[in-house]
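**Q** Take a look at the following structure, please.
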Amino acid sequence: MMENKVIDFESDETLQYILASVIKRKETVNKLKAKEKKWKLLFLASVTAVISYFFFIFQSGFFTTFSEFFSFLLSNMGHLMFLLLIVSLYFYTVQLQKKSEKAEKTFQDLRCEIIKRSKELWATPETWEHRKETFRWMQSTYGINLYHENK
């Protein structure tokens, strides 16, 4: 969890709040990406299982026409439920990907805003001295690059 005070040296509350916000957004992005990866792997495993199942069914020579296969597919409720599960997993992974991209964009916008406004945020000479230290700390601790706008 985040602390109330993000950096050790004296700085104003606005800077503390902005840095805490960018850290929180970075953590959100990381969580969403991990969740997205997990669900995509589950989706791929499910698709692989279905393709393997149907491949072995076809190899057995049980079906001679596509209509026989189609009636076999529709006659068993388990097949329909599994196909419904796969379609649901697909749409859920698409939704997670959009959510992850939106969170990434929000994080990048806030990060770029900090970079653009760094002269305002570290306005006094005392705080300007600690700017590099803050940037280095954010990079090493959280992997947040505040030196340049590009990733």
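By order in the structure tokens, chains are A, B, ...; within a chain, residues start at 1; ligands start at 1, following the order shown.
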For the interface of region 58-142 of chain A with region 25-44 of chain A (cut-off 6 Å, counting only C-alpha atoms), please tabulate each contacting residue of region 58-142 of chain A alongside its nearest pair of atoms and their separation in Å to one decimal, rows sorted by chain and increasing number, as a tab-separated table.

**A**
```
residue	atom	partner	partner_atom	distance
A:Leu89	CA	A:Phe43	CA	5.8
A:Leu96	CA	A:Glu36	CA	5.8
A:Ser100	CA	A:Leu32	CA	5.6
A:Ala103	CA	A:Val29	CA	5.8
A:Glu104	CA	A:Val29	CA	5.8
A:Phe107	CA	A:Arg25	CA	5.5
```

**Q** Which parts of chain A does DSSP call alpha helix (DSSP H) when run on the backbone here, written out as a PyMOL selection string?

**A** chain A and resi 13-59+66-75+77-116+118-121+125-142

**Q** If we count only C-alpha atoms, what is near Phe135 (chain A) at a cut-off of 7 Å, once residues fewer than 3 positions away on the same chain are taken out, given as a list in words?

**A** Arg131, Lys132, Met138, Gln139, Leu146 and Tyr147 of chain A

**Q** Create the file for the chosen residues now, containing N, CA and C atoms and written as a PDB file, in the first residue's frame.

**A**
```
ATOM      1  N   ARG A 131      14.874  17.057  -7.135  1.00  0.00           N
ATOM      2  CA  ARG A 131      14.132  16.542  -8.287  1.00  0.00           C
ATOM      3  C   ARG A 131      14.796  15.302  -8.875  1.00  0.00           C
ATOM      4  N   LYS A 132      16.091  15.356  -9.118  1.00  0.00           N
ATOM      5  CA  LYS A 132      16.803  14.204  -9.676  1.00  0.00           C
ATOM      6  C   LYS A 132      16.715  13.005  -8.741  1.00  0.00           C
ATOM      7  N   MET A 138      11.828   7.144  -8.118  1.00  0.00           N
ATOM      8  CA  MET A 138      10.621   6.649  -8.806  1.00  0.00           C
ATOM      9  C   MET A 138      10.992   5.593  -9.847  1.00  0.00           C
ATOM     10  N   GLN A 139      12.115   5.800 -10.538  1.00  0.00           N
ATOM     11  CA  GLN A 139      12.557   4.838 -11.553  1.00  0.00           C
ATOM     12  C   GLN A 139      12.983   3.523 -10.914  1.00  0.00           C
ATOM     13  N   LEU A 146      10.386   9.369 -15.128  1.00  0.00           N
ATOM     14  CA  LEU A 146       9.971  10.762 -15.149  1.00  0.00           C
ATOM     15  C   LEU A 146      11.010  11.647 -15.844  1.00  0.00           C
ATOM     16  N   TYR A 147      12.023  11.039 -16.437  1.00  0.00           N
ATOM     17  CA  TYR A 147      13.049  11.824 -17.119  1.00  0.00           C
ATOM     18  C   TYR A 147      12.584  12.295 -18.492  1.00  0.00           C
TER      19      TYR A 147
END
```

**Q** Provide the CA of Phe54 (chain A) to CA of Val94 (chain A) distance in Å, to one decimal place.

**A** 25.0 Å

**Q** Quick one: everything within 12 Å of Phe58 (chain A), counting only C-alpha atoms, minus sequence neighbours fewer than 6 positions away in the same chain. Send it as a PyMOL selection string.

**A** chain A and resi 51-52+64-66+68-69+72

**Q** Save the residues we just selected, N, CA and C atoms, as a JSON list (two decimals), in the first residue's frame?

**A**
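After the write, result_31.json holds the following:
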```json
[["chain", "number", "residue", "atom", "x", "y", "z"],
["A", 51, "ILE", "N", -10.25, -27.55, -29.78],
["A", 51, "ILE", "CA", -9.71, -27.97, -31.09],
["A", 51, "ILE", "C", -9.18, -29.39, -31.02],
["A", 52, "SER", "N", -8.48, -29.73, -29.95],
["A", 52, "SER", "CA", -7.96, -31.10, -29.78],
["A", 52, "SER", "C", -9.10, -32.10, -29.69],
["A", 64, "THR", "N", -19.31, -38.53, -41.23],
["A", 64, "THR", "CA", -19.03, -38.56, -42.67],
["A", 64, "THR", "C", -19.41, -37.25, -43.33],
["A", 65, "THR", "N", -20.34, -36.51, -42.71],
["A", 65, "THR", "CA", -20.75, -35.23, -43.29],
["A", 65, "THR", "C", -20.69, -34.14, -42.21],
["A", 66, "PHE", "N", -20.70, -32.93, -42.70],
["A", 66, "PHE", "CA", -20.69, -31.80, -41.78],
["A", 66, "PHE", "C", -22.00, -31.72, -41.00],
["A", 68, "GLU", "N", -23.80, -34.17, -39.87],
["A", 68, "GLU", "CA", -23.73, -35.11, -38.75],
["A", 68, "GLU", "C", -22.92, -34.50, -37.59],
["A", 69, "PHE", "N", -21.83, -33.87, -37.94],
["A", 69, "PHE", "CA", -21.01, -33.22, -36.92],
["A", 69, "PHE", "C", -21.80, -32.10, -36.25],
["A", 72, "PHE", "N", -24.31, -33.50, -33.92],
["A", 72, "PHE", "CA", -23.62, -34.01, -32.74],
["A", 72, "PHE", "C", -23.26, -32.88, -31.79]]
```
